[in-house]
Each structure stands twice: as C-alpha cells, then as structure tokens.
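Scroll down for the structure; my scribbles are underneath it.
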Amino acid sequence: MPVPAQPKLYHIVHVDRLASIIAAGGLLCDAAVVANPTAGTTIGMSSGKQRRLQELRLTS
C-alpha cells in the first residue's frame with residue numbers, strides 16, 4: 001500500500017487539556033507529560049501508554 005502524499009493525523013484530547021497544549025506551543029509526547037505533569041484529564045488506556053513508554057523503542 002503506498003504512503004499517502006499528505007496523510008491526516010488525529011489526536012484525541014480532553015477539552016480541559018487545550019489550554020496547556022496552547023501554552024506549550026503544541027502537543028507533548030507522553031514521556032514529556034510524565035516528566036513535567038500538566039493540568040487536565042488524561043484519556044486513553046494507561047496500560048497502553050505505559051507499554052509505549054517502557055517497552056517499545058523506535059529504531060529511527
């Protein structure tokens with residue numbers, strides 16, 4: 001399957017996180033949020049977040 005020329009990416013976030021996203025100048029990865037907690041509701045499966053933080057490593 002070919003890679004789209006302009007892929008669309010979406011990020012689901014609780015509305016009470018919008019102010020901290022704007023203040024930070026953009027989205028932060030989960031590792032940055034853990035290191036510097038921001039105000040707001042965390043959504044998503046915590047087990048999946050922990051797995052990505054601790055087990056999965058990118059090669060690039």
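Ligands are numbered from 1 in the order shown, residues from 1 within each chain, and chains are lettered A, B, ... in the order they appear in the structure tokens.
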>> DSSP on the backbone: which residues in chain A end up as helix (DSSP H, G or I)? Give the answer as a list in words.
In response: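 Taking chain A and keeping helix (DSSP H, G or I) only, one gets Val15, Asp16, Arg17, Leu18, Ala19, Ser20, Ile21, Ile22, Ala23, Ala24, Asp30, Ala31, Ala32, Val33, Val34, Ala35, Ser46, Ser47, Gly48, Lys49, Gln50, Arg51, Arg52, Leu53 and Gln54 of chain A.
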>> Would you pick out the contacts of Val13 (chain A) at 12 Å or less, using only C-alpha atoms, so that residues sharing its chain but fewer than 5 positions from it are not included, and give the list as a ChimeraX atom specification?
In response: /A:18-21,27-28,40-44
> What is the distance between CA of Pro37 (chain A) and CA of Val15 (chain A), in Å to one decimal?
Replying inline: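 These two atoms are separated by 16.5 Å.
With CA of Gln6 (chain A) on one side and CA of Thr59 (chain A) on the other, the separation reads 23.1 Å.
CA of Ala23 (chain A) is found 10.3 Å from CA of Thr38 (chain A).
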>> Give me, as a ChimeraX atom specification, all polymer residues having an atom no more than 10 Å from region 45-58 of chain A, counting only C-alpha atoms and skipping those fewer than 5 positions away in the same chain.
In response: /A:29-31,34
